[in-house]
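Everything below belongs to structure_38.cif, which stores mmCIF, C-alpha atoms, pLDDT in the B column; chains and numbers go by the auth columns.
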data_upload
#
loop_
_atom_site.group_PDB
_atom_site.id
_atom_site.type_symbol
_atom_site.label_atom_id
_atom_site.label_comp_id
_atom_site.label_asym_id
_atom_site.label_seq_id
_atom_site.Cartn_x
_atom_site.Cartn_y
_atom_site.Cartn_z
_atom_site.B_iso_or_equiv
_atom_site.auth_seq_id
_atom_site.auth_asym_id
ATOM 1 C CA MET A 1 -12.357 7.050 -17.259 79.00 958 T
ATOM 2 C CA ASN A 2 -9.407 4.892 -16.244 89.00 959 T
ATOM 3 C CA ILE A 3 -9.947 3.012 -12.956 92.00 960 T
ATOM 4 C CA ALA A 4 -6.587 4.154 -11.530 91.00 961 T
ATOM 5 C CA LYS A 5 -7.431 7.761 -12.355 94.00 962 T
ATOM 6 C CA GLU A 6 -10.839 7.440 -10.698 95.00 963 T
ATOM 7 C CA GLU A 7 -9.302 5.936 -7.572 94.00 964 T
ATOM 8 C CA ALA A 8 -6.641 8.670 -7.481 95.00 965 T
ATOM 9 C CA MET A 9 -9.309 11.345 -7.692 96.00 966 T
ATOM 10 C CA LYS A 10 -11.325 9.699 -4.887 96.00 967 T
ATOM 11 C CA LEU A 11 -8.228 9.543 -2.706 96.00 968 T
ATOM 12 C CA ILE A 12 -7.388 13.201 -3.316 96.00 969 T
ATOM 13 C CA ASN A 13 -10.972 14.285 -2.682 97.00 970 T
ATOM 14 C CA LYS A 14 -10.875 12.610 0.756 97.00 971 T
ATOM 15 C CA LEU A 15 -7.846 14.656 1.815 97.00 972 T
ATOM 16 C CA PRO A 16 -8.209 18.003 3.618 97.00 973 T
ATOM 17 C CA ASN A 17 -8.062 21.234 1.615 96.00 974 T
ATOM 18 C CA GLN A 18 -4.735 22.224 3.194 96.00 975 T
ATOM 19 C CA VAL A 19 -2.933 19.139 1.864 96.00 976 T
ATOM 20 C CA THR A 20 0.642 19.387 0.569 97.00 977 T
ATOM 21 C CA TRP A 21 2.228 17.658 -2.417 97.00 978 T
ATOM 22 C CA ASP A 22 4.152 15.482 0.031 98.00 979 T
ATOM 23 C CA ASP A 23 0.896 14.431 1.707 97.00 980 T
ATOM 24 C CA ILE A 24 -0.593 13.461 -1.643 97.00 981 T
ATOM 25 C CA MET A 25 2.490 11.517 -2.698 97.00 982 T
ATOM 26 C CA TYR A 26 2.570 9.701 0.646 98.00 983 T
ATOM 27 C CA GLU A 27 -1.072 8.653 0.263 97.00 984 T
ATOM 28 C CA PHE A 28 -0.384 7.335 -3.254 97.00 985 T
ATOM 29 C CA TYR A 29 2.724 5.493 -2.040 98.00 986 T
ATOM 30 C CA VAL A 30 0.878 3.800 0.826 97.00 987 T
ATOM 31 C CA ARG A 31 -2.039 2.861 -1.426 95.00 988 T
ATOM 32 C CA LYS A 32 0.319 1.296 -3.995 96.00 989 T
ATOM 33 C CA LYS A 33 2.233 -0.642 -1.330 97.00 990 T
ATOM 34 C CA LEU A 34 -0.971 -1.977 0.214 96.00 991 T
ATOM 35 C CA GLU A 35 -2.327 -3.069 -3.158 95.00 992 T
ATOM 36 C CA SER A 36 0.960 -4.847 -3.934 96.00 993 T
ATOM 37 C CA ALA A 37 0.956 -6.609 -0.560 96.00 994 T
ATOM 38 C CA LEU A 38 -2.658 -7.740 -0.921 96.00 995 T
ATOM 39 C CA LYS A 39 -1.973 -9.075 -4.404 97.00 996 T
ATOM 40 C CA ALA A 40 1.077 -10.979 -3.154 96.00 997 T
ATOM 41 C CA ALA A 41 -0.980 -12.496 -0.336 94.00 998 T
ATOM 42 C CA GLN A 42 -3.738 -13.545 -2.730 96.00 999 T
ATOM 43 C CA GLU A 43 -1.146 -15.193 -4.972 97.00 1000 T
ATOM 44 C CA GLY A 44 0.418 -17.007 -2.026 94.00 1001 T
ATOM 45 C CA ARG A 45 3.692 -15.085 -2.246 95.00 1002 T
ATOM 46 C CA VAL A 46 4.048 -14.703 1.507 94.00 1003 T
ATOM 47 C CA VAL A 47 6.253 -16.104 4.243 93.00 1004 T
ATOM 48 C CA PRO A 48 4.429 -17.677 7.195 93.00 1005 T
ATOM 49 C CA HIS A 49 4.845 -15.929 10.547 93.00 1006 T
ATOM 50 C CA GLU A 50 6.653 -18.879 12.115 94.00 1007 T
ATOM 51 C CA GLU A 51 9.197 -18.894 9.278 93.00 1008 T
ATOM 52 C CA VAL A 52 9.866 -15.165 9.748 93.00 1009 T
ATOM 53 C CA LYS A 53 10.411 -15.695 13.478 93.00 1010 T
ATOM 54 C CA LYS A 54 12.794 -18.551 12.755 92.00 1011 T
ATOM 55 C CA ARG A 55 14.785 -16.488 10.263 91.00 1012 T
ATOM 56 C CA PHE A 56 15.107 -13.503 12.596 92.00 1013 T
ATOM 57 C CA SER A 57 15.924 -15.539 15.680 92.00 1014 T
ATOM 58 C CA SER A 58 19.136 -16.749 14.030 80.00 1015 T
ATOM 59 C CA LEU A 59 20.472 -13.196 13.527 78.00 1016 T
#
Starting from the file, lay out its structure as structure tokens.
Amino acid sequence: MNIAKEEAMKLINKLPNQVTWDDIMYEFYVRKKLESALKAAQEGRVVPHEEVKKRFSSL
């Protein structure tokens, strides 16, 4: 079975029985965003905290 499909099934199985479609979609969305952010961090595609503070302080 495809790894993504297995992970999706695990995620759904952890949700309560009274879950809505919106709840399921939200869980998938958050999971995807977290995976993307972790991958970016591992690849060094991040902005250091001090740089973010500097950028926002000039607004």
Might I get the box with edges along x, y and z of the file that holds all atoms of range 965-969 of chain T listed there, padded by 8 Å on every side, given as centre and edge lengths in Å to one decimal, as lines of an AutoDock Vina configuration file?
center_x = -9.0
center_y = 10.9
center_z = -5.2
size_x = 20.7
size_y = 20.5
size_z = 21.0
For CA of Met966 in chain T and CA of Arg988 in chain T, the interatomic separation in Å (one decimal):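 Interatomic distance, CA of Met966 in chain T to CA of Arg988 in chain T: 12.8 Å.
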Top pick for closest residue to Val987 in chain T, considering T:Lys1011, T:Gly1001, T:Gln975, T:Leu968 and counting only C-alpha atoms: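 Residue with the minimum atom-to-atom distance to Val987 in chain T: T:Leu968.
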Top pick for closest residue to Ala965 in chain T, considering T:Tyr986, T:Leu995, T:Arg1002, T:Thr977 and counting only C-alpha atoms: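 The shortest atom-to-atom distance to Ala965 in chain T comes from T:Tyr986.
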Gap from CA of Tyr983 in chain T to CA of Ala961 in chain T - Å, one decimal: 16.2 Å
For CA of Asn959 in chain T and CA of Trp978 in chain T, the interatomic separation in Å (one decimal):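 Computing it gives 22.1 Å between the two atoms.
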Of the listed residues T:Phe985, T:Lys996, T:Ser1014, T:His1006, that which approaches Glu964 in chain T most closely, counting all atoms listed in the file: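 Among T:Phe985, T:Lys996, T:Ser1014, T:His1006, it is T:Phe985 that comes nearest to Glu964 in chain T.
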